[in-house]
$ cat final.txt   # compact mmCIF, C-alpha atoms
# COMPACT_ATOMS: atom_id res chain seq x y z
CA MET R 187 108.45 65.33 84.54
CA ARG R 188 110.97 67.68 82.90
CA LYS R 189 108.41 68.61 80.26
CA ALA R 190 105.89 69.44 83.00
CA VAL R 191 108.47 71.64 84.75
CA ARG R 192 109.26 73.44 81.50
CA SER R 193 105.52 73.95 80.93
CA ARG R 194 105.06 75.53 84.35
CA TRP R 195 107.85 78.02 83.85
CA THR R 196 106.73 78.79 80.31
CA ILE R 197 103.23 79.50 81.61
CA LEU R 198 104.69 81.73 84.32
CA ALA R 199 106.71 83.65 81.72
CA VAL R 200 103.56 84.26 79.64
CA LEU R 201 101.60 85.47 82.67
CA PHE R 202 104.56 87.63 83.67
CA VAL R 203 104.52 89.42 80.30
CA ALA R 204 100.76 89.95 80.45
CA ARG R 205 100.90 91.46 83.93
CA ALA R 206 103.89 93.61 82.97
CA ALA R 207 101.81 94.98 80.07
CA MET R 208 99.13 95.92 82.59
CA ALA R 209 101.74 97.72 84.72
CA VAL R 210 102.99 99.62 81.66
CA GLN R 211 99.47 100.73 80.78
CA PHE R 212 98.73 101.83 84.34
CA GLN R 213 101.97 103.84 84.62
CA SER R 214 101.77 105.35 81.13
CA ILE R 215 99.83 108.36 82.46
CA ALA R 216 102.21 109.27 85.30
CA ALA R 217 105.35 108.66 83.21
CA ILE R 218 104.54 111.58 80.93
CA ALA R 219 102.36 113.56 83.37
CA PRO R 220 103.87 117.02 82.78
CA GLU R 221 103.44 116.86 78.99
CA LEU R 222 100.09 115.08 79.21
CA GLY R 223 98.81 117.72 81.60
CA LYS R 224 99.67 120.44 79.09
CA ASP R 225 98.05 118.53 76.24
CA LEU R 226 94.83 117.90 78.20
CA HIS R 227 94.91 121.24 80.07
CA ALA R 228 94.82 119.25 83.31
CA ASN R 229 96.34 119.92 86.75
CA LEU R 230 98.00 117.40 89.10
CA ALA R 231 94.69 116.45 90.73
CA ASP R 232 93.18 115.78 87.30
CA ILE R 233 96.14 113.59 86.37
CA GLY R 234 95.71 111.80 89.71
CA VAL R 235 92.08 111.08 88.75
CA LEU R 236 93.18 109.54 85.43
CA ILE R 237 95.77 107.42 87.24
CA GLY R 238 93.29 106.24 89.87
CA LEU R 239 90.48 105.50 87.41
CA TYR R 240 92.43 102.47 86.22
CA PHE R 241 91.59 100.85 89.56
CA ALA R 242 87.95 101.98 89.74
CA PRO R 243 86.40 98.87 88.09
CA GLY R 244 88.20 96.66 90.59
CA VAL R 245 85.91 97.86 93.37
CA ALA R 246 82.95 96.21 91.62
CA LEU R 247 84.66 93.39 89.68
CA ALA R 248 87.32 92.00 92.04
CA LEU R 249 84.86 90.06 94.19
CA PRO R 250 82.99 88.34 91.31
CA GLY R 251 86.17 88.05 89.21
CA GLY R 252 86.84 84.48 90.29
CA ALA R 253 83.26 83.45 89.55
CA ILE R 254 83.48 85.02 86.09
CA GLY R 255 86.60 82.99 85.38
CA LYS R 256 84.92 79.82 86.65
CA ARG R 257 81.89 80.41 84.42
CA PHE R 258 83.71 81.23 81.18
CA GLY R 259 87.18 79.80 81.76
CA ASP R 260 90.29 81.55 83.07
CA LYS R 261 92.01 81.80 79.69
CA ALA R 262 88.96 83.18 77.86
CA VAL R 263 88.39 85.85 80.51
CA VAL R 264 92.06 86.88 80.56
CA LEU R 265 92.02 87.17 76.75
CA ALA R 266 88.88 89.31 77.03
CA GLY R 267 90.62 91.42 79.66
CA LEU R 268 93.60 92.03 77.39
CA ALA R 269 91.24 92.93 74.55
CA LEU R 270 89.54 95.49 76.82
CA MET R 271 92.93 96.94 77.79
CA LEU R 272 93.75 97.32 74.10
CA ALA R 273 90.38 98.93 73.37
CA GLY R 274 90.85 101.40 76.21
CA GLU R 275 94.27 102.44 74.95
CA ILE R 276 92.85 102.91 71.45
CA LEU R 277 90.30 105.34 72.94
CA LEU R 278 93.09 107.35 74.58
CA PHE R 279 94.91 107.45 71.25
CA ALA R 280 91.78 108.42 69.29
CA SER R 281 90.82 111.58 71.18
CA SER R 282 92.20 114.04 73.74
CA SER R 283 88.66 114.82 74.93
CA TRP R 284 88.52 114.55 78.73
CA SER R 285 85.40 112.35 78.63
CA VAL R 286 87.06 109.98 76.14
CA GLN R 287 90.20 109.84 78.29
CA ILE R 288 88.09 108.89 81.32
CA THR R 289 86.20 106.26 79.32
CA GLY R 290 89.44 104.81 77.96
CA ARG R 291 90.96 104.47 81.43
CA LEU R 292 87.81 102.82 82.80
CA VAL R 293 87.62 100.33 79.90
CA SER R 294 91.31 99.53 80.36
CA GLY R 295 90.78 99.14 84.08
CA VAL R 296 88.01 96.57 83.57
CA GLY R 297 90.47 94.47 81.60
CA GLY R 298 93.19 95.03 84.17
CA VAL R 299 91.14 93.82 87.13
CA LEU R 300 90.19 90.60 85.31
CA LEU R 301 93.88 89.95 84.71
CA ASN R 302 94.93 90.76 88.26
CA VAL R 303 92.47 88.46 89.98
CA LEU R 304 92.52 85.55 87.54
CA MET R 305 96.23 85.42 86.75
CA THR R 306 97.05 85.19 90.46
CA LYS R 307 94.78 82.15 90.58
CA MET R 308 96.44 80.74 87.43
CA VAL R 309 99.86 80.90 89.08
CA VAL R 310 98.51 79.11 92.15
CA ASP R 311 96.87 76.47 89.93
CA TRP R 312 100.19 75.69 88.27
CA PHE R 313 102.52 75.97 91.27
CA ALA R 314 100.47 74.99 94.34
CA GLY R 315 102.78 72.86 96.49
CA ARG R 316 105.61 73.21 93.96
CA GLN R 317 107.86 76.26 94.43
CA ILE R 318 104.86 78.51 94.94
CA ALA R 319 106.85 81.14 96.89
CA THR R 320 109.42 81.45 94.12
CA ALA R 321 106.73 81.59 91.44
CA MET R 322 104.73 84.27 93.27
CA ALA R 323 107.87 86.37 93.83
CA ILE R 324 108.61 86.26 90.10
CA PHE R 325 104.99 87.01 89.25
CA ILE R 326 104.85 89.98 91.65
CA ASN R 327 108.02 91.35 90.06
CA SER R 328 106.20 91.85 86.76
CA TRP R 329 104.60 94.97 88.25
CA PRO R 330 107.72 96.89 89.38
CA LEU R 331 109.59 95.83 86.25
CA GLY R 332 106.73 97.05 84.08
CA ILE R 333 106.61 100.34 85.99
CA ALA R 334 110.38 100.76 85.72
CA LEU R 335 110.31 100.04 81.98
CA THR R 336 107.59 102.66 81.56
CA LEU R 337 109.44 105.34 83.51
CA LEU R 338 112.61 104.68 81.57
CA VAL R 339 111.28 104.25 78.02
CA LEU R 340 108.03 106.18 77.64
CA PRO R 341 109.49 109.65 78.33
CA LEU R 342 112.10 108.96 75.63
CA ILE R 343 109.39 107.86 73.19
CA GLN R 344 107.34 110.92 74.07
CA ALA R 345 110.27 113.24 73.47
CA GLU R 346 110.83 111.71 70.02
CA PHE R 347 107.31 110.84 68.84
CA GLY R 348 104.94 112.74 71.11
CA ILE R 349 102.13 111.45 73.31
CA ALA R 350 100.63 109.46 70.42
CA GLY R 351 103.90 107.56 70.12
CA THR R 352 103.71 106.44 73.75
CA GLN R 353 100.15 105.23 73.26
CA ILE R 354 101.11 103.22 70.18
CA ALA R 355 103.95 101.61 72.15
CA VAL R 356 101.54 100.60 74.94
CA MET R 357 99.10 99.17 72.39
CA ALA R 358 101.86 97.10 70.79
CA LEU R 359 102.87 95.58 74.13
CA ILE R 360 99.28 94.68 75.04
CA ALA R 361 98.77 93.11 71.61
CA ALA R 362 101.93 91.02 72.11
CA ALA R 363 100.68 89.83 75.51
CA LEU R 364 97.32 88.94 73.97
CA ALA R 365 99.05 86.82 71.35
CA LEU R 366 101.28 85.07 73.90
CA VAL R 367 98.42 84.12 76.20
CA GLY R 368 96.31 82.95 73.26
CA LEU R 369 99.09 80.78 71.86
CA PHE R 370 100.80 79.37 74.96
CA TYR R 371 98.53 79.32 78.01
CA ARG R 372 96.78 76.07 78.90
CA ARG R 373 95.22 74.72 82.06
CA PRO R 374 97.22 72.39 84.30
CA GLY R 375 96.50 68.72 83.88
CA GLN R 376 94.97 68.07 87.28
CA THR R 377 92.20 70.12 88.84
CA ALA R 378 90.82 70.03 92.36
CA ALA R 379 87.48 68.42 93.12
CA PRO R 380 84.66 70.89 93.61
CA ALA R 381 84.05 71.89 97.21
CA SER R 382 80.69 71.76 98.95
CA ALA R 383 78.77 74.97 99.55
CA GLU R 384 79.43 74.64 103.30
CA ALA R 385 83.17 74.25 102.82
CA SER R 386 83.25 77.26 100.50
CA ARG R 387 81.85 79.63 103.13
CA LEU R 388 84.30 82.10 104.64
CA ALA R 389 84.17 82.24 108.45
CA LYS R 390 83.85 85.72 109.96
CA PRO R 391 87.31 85.84 111.63
CA ALA R 392 88.93 84.61 108.40
CA GLY R 393 86.95 87.18 106.39
CA TRP R 394 88.15 90.00 108.63
CA ALA R 395 91.71 88.70 108.42
CA VAL R 396 91.57 88.69 104.61
CA LEU R 397 90.17 92.24 104.57
CA LEU R 398 93.04 93.36 106.81
CA ALA R 399 95.56 91.56 104.61
CA GLY R 400 94.07 93.37 101.62
CA ALA R 401 94.42 96.68 103.45
CA ILE R 402 98.08 95.96 104.20
CA TRP R 403 98.73 95.13 100.55
CA ALA R 404 96.83 98.25 99.46
CA PHE R 405 98.64 100.62 101.86
CA TYR R 406 101.99 99.10 100.90
CA ASN R 407 101.17 99.79 97.26
CA VAL R 408 100.10 103.35 98.11
CA GLY R 409 103.71 103.90 99.18
CA PHE R 410 104.85 102.61 95.80
CA ALA R 411 102.21 104.55 93.89
CA MET R 412 103.12 107.89 95.45
CA ILE R 413 106.72 107.39 94.35
CA PHE R 414 106.18 106.43 90.74
CA SER R 415 103.12 108.68 90.28
CA PHE R 416 104.43 111.91 91.82
CA ALA R 417 108.19 111.65 92.39
CA PRO R 418 108.97 112.30 88.68
CA SER R 419 106.89 115.50 88.80
CA MET R 420 108.59 116.47 92.07
CA LEU R 421 112.01 116.12 90.46
CA VAL R 422 110.84 118.15 87.44
CA GLU R 423 109.84 120.89 89.90
CA ARG R 424 113.40 120.76 91.22
CA GLY R 425 114.82 121.35 87.76
CA TRP R 426 115.20 117.86 86.31
CA SER R 427 114.08 117.08 82.77
CA THR R 428 111.10 114.73 82.39
CA ALA R 429 113.29 111.99 80.88
CA ALA R 430 115.95 112.32 83.60
CA ALA R 431 113.35 112.32 86.37
CA GLY R 432 111.65 109.20 85.00
CA SER R 433 114.98 107.40 84.61
CA ALA R 434 116.03 108.28 88.17
CA VAL R 435 112.77 107.12 89.75
CA SER R 436 112.89 103.92 87.70
CA ILE R 437 115.97 102.95 89.77
CA VAL R 438 113.57 102.13 92.62
CA LEU R 439 111.59 99.72 90.48
CA TRP R 440 114.62 98.03 88.91
CA LEU R 441 116.15 97.37 92.33
CA ALA R 442 112.76 96.28 93.69
CA ALA R 443 112.94 93.44 91.16
CA LEU R 444 115.87 92.17 93.25
CA SER R 445 114.59 93.02 96.71
CA VAL R 446 111.17 91.35 96.27
CA PRO R 447 112.50 87.77 95.84
CA ILE R 448 115.28 88.39 98.37
CA GLY R 449 112.72 89.50 100.95
CA GLY R 450 110.52 86.49 100.25
CA TYR R 451 113.48 84.11 100.52
CA LEU R 452 114.67 85.65 103.79
CA ALA R 453 111.17 85.61 105.27
CA ASP R 454 110.78 81.90 104.44
CA ARG R 455 114.33 81.01 105.42
CA THR R 456 114.21 82.72 108.82
CA GLY R 457 110.54 81.99 109.53
CA SER R 458 110.11 85.66 110.52
CA ARG R 459 107.59 86.85 107.97
CA ASN R 460 105.93 89.33 110.32
CA ALA R 461 109.26 90.83 111.35
CA MET R 462 110.26 91.22 107.71
CA LEU R 463 106.91 92.84 106.93
CA ALA R 464 107.00 95.31 109.81
CA ALA R 465 110.67 96.26 109.56
CA GLY R 466 110.52 96.55 105.77
CA CYS R 467 107.49 98.85 105.83
CA LEU R 468 108.99 101.08 108.53
CA ALA R 469 112.27 101.42 106.64
CA PHE R 470 110.38 102.03 103.39
CA ALA R 471 108.33 104.80 105.07
CA ALA R 472 111.44 106.49 106.45
CA LEU R 473 113.16 106.56 103.05
CA VAL R 474 110.05 107.92 101.27
CA LEU R 475 109.95 110.71 103.86
CA ALA R 476 113.66 111.39 103.34
CA LEU R 477 113.20 111.64 99.56
CA TRP R 478 110.38 114.14 100.01
CA ARG R 479 112.29 116.27 102.48
CA GLY R 480 115.23 116.77 100.13
CA SER R 481 117.86 114.15 100.94
CA GLU R 482 120.44 113.27 98.27
CA THR R 483 118.22 112.03 95.45
CA LEU R 484 120.15 109.20 93.82
CA PRO R 485 121.46 107.52 97.02
CA THR R 486 117.98 107.71 98.54
CA LEU R 487 116.41 106.17 95.42
CA VAL R 488 118.94 103.33 95.49
CA ALA R 489 118.24 102.68 99.18
CA LEU R 490 114.51 102.75 98.46
CA GLY R 491 114.89 100.15 95.74
CA LEU R 492 116.90 97.85 98.00
CA VAL R 493 114.38 98.11 100.85
CA CYS R 494 110.94 98.59 99.30
CA GLY R 495 110.53 95.06 97.95
CA LEU R 496 111.46 93.24 101.16
CA PRO R 497 107.93 93.10 102.68
CA ALA R 498 106.10 92.08 99.46
CA GLY R 499 106.42 88.30 99.76
CA ALA R 500 105.46 88.33 103.43
CA ILE R 501 102.38 90.46 102.68
CA MET R 502 101.22 88.23 99.82
CA SER R 503 101.54 85.17 102.06
CA LEU R 504 99.03 86.58 104.56
CA PRO R 505 95.82 85.48 102.74
CA THR R 506 97.04 81.88 102.52
CA ARG R 507 97.11 81.76 106.34
CA ALA R 508 93.41 82.63 106.52
CA LEU R 509 92.07 80.77 103.47
CA THR R 510 91.54 77.13 102.57
CA PRO R 511 91.57 75.96 98.93
CA SER R 512 87.76 75.97 98.90
CA THR R 513 87.56 79.61 100.11
CA ARG R 514 90.41 80.92 97.98
CA ALA R 515 88.28 82.37 95.17
CA LEU R 516 86.01 84.34 97.53
CA GLY R 517 88.86 85.32 99.80
CA MET R 518 91.09 86.65 97.04
CA GLY R 519 88.11 88.57 95.68
CA LEU R 520 87.77 90.31 99.05
CA PHE R 521 91.52 90.87 99.16
CA TYR R 522 91.58 92.59 95.78
CA THR R 523 88.38 94.56 96.45
CA VAL R 524 90.12 96.35 99.33
CA TYR R 525 93.20 96.86 97.19
CA TYR R 526 91.29 98.37 94.28
CA ALA R 527 89.10 100.60 96.45
CA THR R 528 92.18 102.04 98.12
CA MET R 529 94.14 102.49 94.90
CA LEU R 530 91.17 104.24 93.31
CA VAL R 531 91.25 107.00 95.93
CA ALA R 532 94.98 107.22 96.69
CA PRO R 533 96.27 108.94 93.50
CA TRP R 534 93.46 111.52 93.64
CA LEU R 535 94.18 112.16 97.31
CA GLY R 536 97.90 112.41 96.55
CA GLY R 537 97.14 114.98 93.84
CA LYS R 538 94.98 116.96 96.29
CA PHE R 539 97.82 116.96 98.84
CA ALA R 540 100.20 118.13 96.14
CA LEU R 541 97.91 121.02 95.13
CA TRP R 542 97.32 122.03 98.76
CA ALA R 543 101.05 122.07 99.52
CA GLY R 544 102.05 123.57 96.16
CA SER R 545 104.45 120.73 95.40
CA ALA R 546 104.09 117.23 93.94
CA GLY R 547 106.37 115.96 96.71
CA ALA R 548 103.61 116.32 99.33
CA ALA R 549 102.02 113.16 97.88
CA LEU R 550 105.08 111.24 99.11
CA GLY R 551 104.15 112.24 102.66
CA LEU R 552 100.82 110.46 102.16
CA GLY R 553 102.69 107.37 100.98
CA SER R 554 104.88 107.42 104.09
CA VAL R 555 101.84 107.56 106.38
CA ALA R 556 100.20 104.63 104.56
CA LEU R 557 103.34 102.52 105.03
CA LEU R 558 103.49 103.35 108.74
CA ALA R 559 99.95 101.98 109.10
CA CYS R 560 100.94 98.52 107.82
CA PRO R 561 102.49 97.15 111.06
CA ILE R 562 99.39 98.32 112.99
CA LEU R 563 97.12 96.48 110.54
CA LEU R 564 99.37 93.40 110.84
CA TRP R 565 98.84 93.36 114.61
CA GLU R 566 95.06 93.39 114.10
CA PHE R 567 95.38 90.67 111.42
CA GLU R 568 97.15 88.38 113.90
CA ARG R 569 94.53 89.12 116.55
CA ARG R 570 91.72 88.14 114.16
CA LEU R 571 93.43 84.85 113.29
CA LEU R 572 93.76 83.96 116.97
CA LEU R 573 90.09 84.63 117.79
CA PRO R 574 88.78 81.15 116.79
CA ALA R 575 91.43 79.49 118.98
CA ARG R 576 90.62 81.75 121.93
CA THR R 577 86.86 81.20 121.70
CA ALA R 578 87.01 77.44 121.02
CA PRO R 579 85.78 75.28 123.94
CA GLN R 580 88.60 73.75 125.96
CA ALA R 581 88.88 69.98 126.25
CA ASN R 582 88.24 68.56 129.73
$ encode --input "final.txt" --output "structure tokens"
Amino acid sequence: MRKAVRSRWTILAVLFVARAAMAVQFQSIAAIAPELGKDLHANLADIGVLIGLYFAPGVALALPGGAIGKRFGDKAVVLAGLALMLAGEILLFASSSWSVQITGRLVSGVGGVLLNVLMTKMVVDWFAGRQIATAMAIFINSWPLGIALTLLVLPLIQAEFGIAGTQIAVMALIAAALALVGLFYRRPGQTAAPASAEASRLAKPAGWAVLLAGAIWAFYNVGFAMIFSFAPSMLVERGWSTAAAGSAVSIVLWLAALSVPIGGYLADRTGSRNAMLAAGCLAFAALVLALWRGSETLPTLVALGLVCGLPAGAIMSLPTRALTPSTRALGMGLFYTVYYATMLVAPWLGGKFALWAGSAGAALGLGSVALLACPILLWEFERRLLLPARTAPQAN
């Protein structure tokens, strides 16, 4: 039994590193945006396009991602995804041509979406019914920690070794993740029996509920993305150095690593997941707005870090309320399709807002609006879940 427990947590650690590598690669553009823009002769909207392109393949691949893993094996597909991420970064390193940069981000994004969909399933496979909330909280934290590491370290590497140095650092981390997954990941001992085709169909109310849950997760992440994609450039506009701005904004992500599991624990402990979700998103939106409008930077960033992670666990628990084990693969594909479609457009739209307003901070206003929409979407999610009960025939 102890060996099995150690295996589960070792597997989680390996998946954590792999997902953190994906976060580092995604954020590597925004972390050095001012210098990269000069090197590529690109404006903020162009940089927003490069950031968003990482999510573009998810629109097409998220839905069939589970089926791809089932056909070829989860581990093999995740290894292929990491290899694609590495290949994409090599393209960025090889040429500063705009077309090559776009191709590199798209290739990397294909690998990233395979990781995102399949590694979530891997965690569920290993922890279903056994500390799944704790495991998912830790797994989710790989993203903010990876983003924070990028904001803190990559500007320093860029200042010392240039843009090529940052790309080499990202390649090294991806290669390390590839080696760890190859050496240490294995499937859990027991697997579920295959479900019938009828049992695997997703009912219409459940399908709508999953789409709404995906929209809540996507809009919540838009709030995050506007901070770590455009807040460093906003602070540079206010006179901060690139390294100082990245370090300051990374405070949000470091503290989010604490607030995510705390929020999940409190939501489970109190049984008030919806209240945690709604209150957390509203407070998050207010603090993003305050940062944009010029409040004291460091105290606001600290408050953001302590608040922003609180709704995450509650949001990620929403799909499990609508899905059965037999519909999980299809349902999570729908969930991530909405997420990727939204995150493809959001950085570009944030860049457009910034250009229109003449300041990178305007993108934070977009993030605040997205967060304010989350409680409204939650209300509709609950309504969709209740529809089958309302329309069911009453017993005589």
$ residues_around --input "final.txt" --residues "R:Ala242" --least-positions-apart "4" --cutoff "12 Å" --atoms "all atoms listed in the file" --output "ChimeraX atom specification"
/R:235-238,246-248,288-289,291-299,522-534
$ closest_atom_pairs --input "final.txt" --of "stretch 488-524 of chain R" --to "stretch 466-480 of chain R" --cutoff "8 Å" --atoms "all atoms listed in the file" --output "CSV"
residue,atom,partner,partner_atom,distance
R:Ala489,CA,R:Leu473,CA,7.5
R:Leu490,CA,R:Leu473,CA,6.1
R:Val493,CA,R:Phe470,CA,6.1
R:Cys494,CA,R:Phe470,CA,5.4
R:Gly495,CA,R:Gly466,CA,8.0
R:Leu496,CA,R:Gly466,CA,5.8
R:Pro497,CA,R:Gly466,CA,5.3
$ atom_distance --input "final.txt" --atom1 "atom CA of R:Glu566" --atom2 "atom CA of R:Arg387"
22.0 Å
$ closest_residue --input "final.txt" --among "R:Ala389, R:Ala217, R:Leu535, R:Ile448" --to "R:Leu342" --atoms "all atoms listed in the file"
R:Ala217
$ atom_distance --input "final.txt" --atom1 "atom CA of R:Ala548" --atom2 "atom CA of R:Pro341"
22.8 Å
$ decode --input "final.txt" --residues "stretch 363-372 of chain R" --atoms "all heavy atoms" --output "mmCIF file, in the first residue's frame"
data_model
loop_
_atom_site.group_PDB
_atom_site.id
_atom_site.type_symbol
_atom_site.label_atom_id
_atom_site.label_comp_id
_atom_site.auth_asym_id
_atom_site.auth_seq_id
_atom_site.Cartn_x
_atom_site.Cartn_y
_atom_site.Cartn_z
ATOM 1 N N ALA R 363 11.543 17.558 -18.899
ATOM 2 C CA ALA R 363 10.204 16.996 -18.698
ATOM 3 C C ALA R 363 9.999 15.761 -19.565
ATOM 4 O O ALA R 363 9.416 14.761 -19.118
ATOM 5 C CB ALA R 363 9.146 18.056 -19.018
ATOM 6 N N LEU R 364 10.483 15.805 -20.790
ATOM 7 C CA LEU R 364 10.389 14.661 -21.698
ATOM 8 C C LEU R 364 11.088 13.439 -21.106
ATOM 9 O O LEU R 364 10.556 12.317 -21.113
ATOM 10 C CB LEU R 364 11.004 15.040 -23.043
ATOM 11 C CG LEU R 364 10.984 14.020 -24.186
ATOM 12 C CD1 LEU R 364 9.566 13.660 -24.570
ATOM 13 C CD2 LEU R 364 11.733 14.557 -25.394
ATOM 14 N N ALA R 365 12.261 13.661 -20.544
ATOM 15 C CA ALA R 365 13.010 12.557 -19.937
ATOM 16 C C ALA R 365 12.285 11.998 -18.707
ATOM 17 O O ALA R 365 12.208 10.778 -18.521
ATOM 18 C CB ALA R 365 14.412 13.030 -19.560
ATOM 19 N N LEU R 366 11.732 12.880 -17.880
ATOM 20 C CA LEU R 366 11.051 12.434 -16.661
ATOM 21 C C LEU R 366 9.818 11.596 -16.979
ATOM 22 O O LEU R 366 9.601 10.535 -16.372
ATOM 23 C CB LEU R 366 10.652 13.652 -15.818
ATOM 24 C CG LEU R 366 11.780 14.342 -15.056
ATOM 25 C CD1 LEU R 366 11.280 15.633 -14.418
ATOM 26 C CD2 LEU R 366 12.357 13.416 -13.984
ATOM 27 N N VAL R 367 9.005 12.072 -17.927
ATOM 28 C CA VAL R 367 7.814 11.306 -18.290
ATOM 29 C C VAL R 367 8.214 9.959 -18.900
ATOM 30 O O VAL R 367 7.636 8.914 -18.574
ATOM 31 C CB VAL R 367 6.933 12.106 -19.280
ATOM 32 C CG1 VAL R 367 5.770 11.245 -19.788
ATOM 33 C CG2 VAL R 367 6.386 13.362 -18.613
ATOM 34 N N GLY R 368 9.207 9.973 -19.768
ATOM 35 C CA GLY R 368 9.653 8.728 -20.389
ATOM 36 C C GLY R 368 10.160 7.715 -19.389
ATOM 37 O O GLY R 368 9.909 6.513 -19.509
ATOM 38 N N LEU R 369 10.859 8.189 -18.358
ATOM 39 C CA LEU R 369 11.473 7.277 -17.394
ATOM 40 C C LEU R 369 10.519 6.829 -16.295
ATOM 41 O O LEU R 369 10.587 5.681 -15.834
ATOM 42 C CB LEU R 369 12.691 7.953 -16.754
ATOM 43 C CG LEU R 369 13.920 8.135 -17.648
ATOM 44 C CD1 LEU R 369 14.963 9.001 -16.932
ATOM 45 C CD2 LEU R 369 14.520 6.780 -18.029
ATOM 46 N N PHE R 370 9.621 7.714 -15.837
ATOM 47 C CA PHE R 370 8.902 7.438 -14.594
ATOM 48 C C PHE R 370 7.402 7.201 -14.743
ATOM 49 O O PHE R 370 6.793 6.599 -13.862
ATOM 50 C CB PHE R 370 9.116 8.582 -13.589
ATOM 51 C CG PHE R 370 10.522 8.687 -13.090
ATOM 52 C CD1 PHE R 370 11.375 9.669 -13.563
ATOM 53 C CD2 PHE R 370 11.014 7.783 -12.160
ATOM 54 C CE1 PHE R 370 12.689 9.770 -13.124
ATOM 55 C CE2 PHE R 370 12.318 7.867 -11.710
ATOM 56 C CZ PHE R 370 13.164 8.865 -12.185
ATOM 57 N N TYR R 371 6.774 7.699 -15.827
ATOM 58 C CA TYR R 371 5.321 7.527 -15.871
ATOM 59 C C TYR R 371 4.952 6.096 -16.236
ATOM 60 O O TYR R 371 5.541 5.488 -17.122
ATOM 61 C CB TYR R 371 4.647 8.482 -16.865
ATOM 62 C CG TYR R 371 3.130 8.332 -16.787
ATOM 63 C CD1 TYR R 371 2.424 8.940 -15.771
ATOM 64 C CD2 TYR R 371 2.450 7.500 -17.672
ATOM 65 C CE1 TYR R 371 1.056 8.761 -15.647
ATOM 66 C CE2 TYR R 371 1.081 7.313 -17.559
ATOM 67 C CZ TYR R 371 0.386 7.947 -16.535
ATOM 68 O OH TYR R 371 -0.958 7.751 -16.398
ATOM 69 N N ARG R 372 3.943 5.569 -15.573
ATOM 70 C CA ARG R 372 3.349 4.287 -15.933
ATOM 71 C C ARG R 372 1.856 4.362 -15.637
ATOM 72 O O ARG R 372 1.391 5.198 -14.871
ATOM 73 C CB ARG R 372 3.978 3.132 -15.162
ATOM 74 C CG ARG R 372 3.786 3.207 -13.663
ATOM 75 C CD ARG R 372 4.459 2.030 -12.967
ATOM 76 N NE ARG R 372 4.265 2.062 -11.520
ATOM 77 C CZ ARG R 372 3.198 1.598 -10.894
ATOM 78 N NH1 ARG R 372 2.189 1.074 -11.582
ATOM 79 N NH2 ARG R 372 3.102 1.655 -9.583
#
